Amino acid sequence: MPFLDLGVCLGNLRQRSMSHSDTMTNTAFRPRSRGMLPCVLPLLGVGLLLLPGCFTPRTTERMRMDTMRAVQAGDFPTAIGTTNELFESHFEGEPDETGGKPVQSQEVLTKQALLWHMERGLIDHLAGDVLTSNRHLDMAGELVDIRRSTGVVTEVATYVANDTLRDYAGNAFEHTQVDYYRALNRLLQAQRREGLYVPSQLAFTPQVAGAAKPPVPFALNATDNVQASDNYDRAINFARRMTINQLQETTDAAGGNRYDDDPFARFLAAALTYAPKPGDRSEVNTQFADVMLKRAMQGYTKQATVFGNGKQPFRYEVTRRPSLVETFFIRHSRAYDQTNFDERLAQYGIAADDPRLQTSALPKGHGSVLVLNHVGFITHPEVLDIRAVAAQFRGTIQPSPAEVARGHSAHRFEMGGVVFWAKGPGADVVNFWVPIPVPGDLIGKAVAPGGAAFMGFAIPVHAKDRPITQPATVRVRPAMGGNDIASPMEVLSDLDAFARATLKDEQPGVLAKTMIRAIAKQVAAGQLSREVEQGARKKSGDPEKDKQNKEVAQVLGLVTNLFASTAATLSEVADTRAWTTLPDHIEGALIDLPPGNYTLVLDTAYGPVECGGVTVQADRLVVVPIRTFPEPLPPRD
């Protein structure tokens, strides 16, 4: 495995973790005398550089991209092996690294457990192994409940080391997605058991022009002996948890954050109540659907105002209420509350003579298919490295002869300043920061006793956003022959915007804490260099030798300060952890069809893909979740 085990050189100070994700928590170097400090410093610097984890940042990024390439190519065994290796976790009988043999024992790295379970839950979902996916997502759901609240001890520790010290707790939009995929898995199991949806695969990726993608067997495992009706109930219950628990906690904790709701999650929760047979739908679930649809209508309007006002540093692709959501709302409202139907619709801007009232009606004896296309990969946080040099300058102003005649004498002056530069997304903003003047004596006493100090820190940022590709079109091909029925898709959820908004809203707090921590480390480095300098100044009684000792002590203090500040800078690791296999956005289409068997074809920007067969029954909804990747990831270097 490509990691650096420091156990040999640092005893028991190593804690297994991944780069950008973990850091040393129990290391304390306490020299017995000042004379030991110069010997300890090199070891401390190496420890600060390497102890954030077992993998270097470059290795971590390579493994993450390898996982995504494997998912995009449908090579799920490789994706699973790479994910296990990256997070140093595996279940019994799984490989612990890419291409490895199954391991008999089970191992889960606590600090990265939530992230590993989320990544594996989605990878196994796409691979069709929904039972293993359920196992991961159920564990992720438990960890979400535990880690929703930040522990005081862990939070304080991040002020000492860096943000990667804490157990990964996930973002609010990620918490919602855990239950979203738990619901989809149970829905897939129920529909498969009834023969309503039999896909050949769930994920599709661009191929070389003219090359046919070989069919990938869909390994949906329905051998858990759970009746379809029970799995429908489980899907609806997870949708309840997703909306009533997760979204409510998100709203309560949002404060001024832009992401405080997920209208698509509410819409889907309502839609799932129409998946069971009409006779199996309870009044409680019908009431739940009513509330969710109203909240979805409100939520789409609100988020279009908050996210889609053109003032955000990112694109928001759901600038209006999706028409299929309005269609579903009208159908439900007409059946649920005919008495107050007109009044209810007027609340959401739908007039009594709106033509959508006619086109939204489900034809008698028909059923519906809701196709959900999960597109691409969500953006991943990147590192913005900010570096600074603090320097102190001393000089003497000599008076002119005329000034000397008037009684002026030479006098010394001190001045200082801090200059910044950066590397990474958004570096151009930092690179235009003007030098900050700081009193020279302050720099000399607190920051750079030797006259100069190198320091820096890192924060997570997102690269610039790009527009999405044109939404796909769904074509439904009747099994008995006849013309295809085409329906354009529309964007229902922009997860990428949620991720960008979340990071943007958290950045001021992260930046403030990071700067406080970096300054504290630099002050500590300055104090250490002063102690080294004072310890090296030995009085011998010989003025010449004392002068030499003073010069050596000053040089040693400067070197110590530069080395310690550099080591402190290297210990600053930006927390870029995130659920990377989530889609960029979700497109959808609602198609009404007479009972029968059909084949679904998705016309994408890179060509048509067949999505399997679906069976439509009267007054029932079949949900078809698929995943497409419009743009191939860049090849490995």
# chains A, B, ... in the order shown; residues from 1 in each chain; ligands from 1
$ select_by_dssp --residues "region 331-427 of chain A" --states "alpha helix (DSSP H)" --output "MDAnalysis selection string"
chainID A and resid 331:336 341:346 356:359 401:405 427
$ write_last_selection --atoms "C-alpha atoms" --output "PDB file, in the first residue's frame"
ATOM      1  CA  ARG A 331     -53.373  15.598  -9.740  1.00  0.00           C
ATOM      2  CA  HIS A 332     -53.027  15.008  -6.041  1.00  0.00           C
ATOM      3  CA  SER A 333     -54.965  18.124  -5.060  1.00  0.00           C
ATOM      4  CA  ARG A 334     -57.842  17.275  -7.380  1.00  0.00           C
ATOM      5  CA  ALA A 335     -58.196  13.841  -5.770  1.00  0.00           C
ATOM      6  CA  TYR A 336     -57.402  14.852  -2.200  1.00  0.00           C
ATOM      7  CA  PHE A 341     -59.273  22.711  -5.092  1.00  0.00           C
ATOM      8  CA  ASP A 342     -59.455  26.158  -6.729  1.00  0.00           C
ATOM      9  CA  GLU A 343     -58.402  27.971  -3.579  1.00  0.00           C
ATOM     10  CA  ARG A 344     -55.503  25.599  -3.049  1.00  0.00           C
ATOM     11  CA  LEU A 345     -54.188  26.062  -6.591  1.00  0.00           C
ATOM     12  CA  ALA A 346     -54.535  29.853  -6.374  1.00  0.00           C
ATOM     13  CA  ARG A 356     -52.303  22.997 -17.179  1.00  0.00           C
ATOM     14  CA  LEU A 357     -55.402  21.849 -15.323  1.00  0.00           C
ATOM     15  CA  GLN A 358     -56.478  19.970 -18.429  1.00  0.00           C
ATOM     16  CA  THR A 359     -53.099  18.648 -19.522  1.00  0.00           C
ATOM     17  CA  PRO A 401      25.203  68.462   8.125  1.00  0.00           C
ATOM     18  CA  ALA A 402      22.677  71.285   8.303  1.00  0.00           C
ATOM     19  CA  GLU A 403      20.433  69.163  10.511  1.00  0.00           C
ATOM     20  CA  VAL A 404      23.393  68.237  12.716  1.00  0.00           C
ATOM     21  CA  ALA A 405      24.133  71.950  13.095  1.00  0.00           C
ATOM     22  CA  ALA A 427      -5.910  32.429  -5.984  1.00  0.00           C
TER      23      ALA A 427
END
$ atom_distance --atom1 "CA of Ser571 (chain A)" --atom2 "CA of Gln554 (chain A)"
25.6 Å
$ atom_distance --atom1 "CA of Ile350 (chain A)" --atom2 "CA of Arg321 (chain A)"
12.0 Å
$ closest_residue --among "A:Lys423, A:Lys539, A:Arg62, A:Arg577" --to "Arg166 (chain A)" --atoms "only C-alpha atoms"
A:Arg577
$ residues_around --residues "region 183-193 of chain A" --least-positions-apart "5" --cutoff "7 Å" --atoms "only C-alpha atoms" --output "PyMOL selection string"
chain A and resi 130+198+222+228+231-232+234-236+238-239
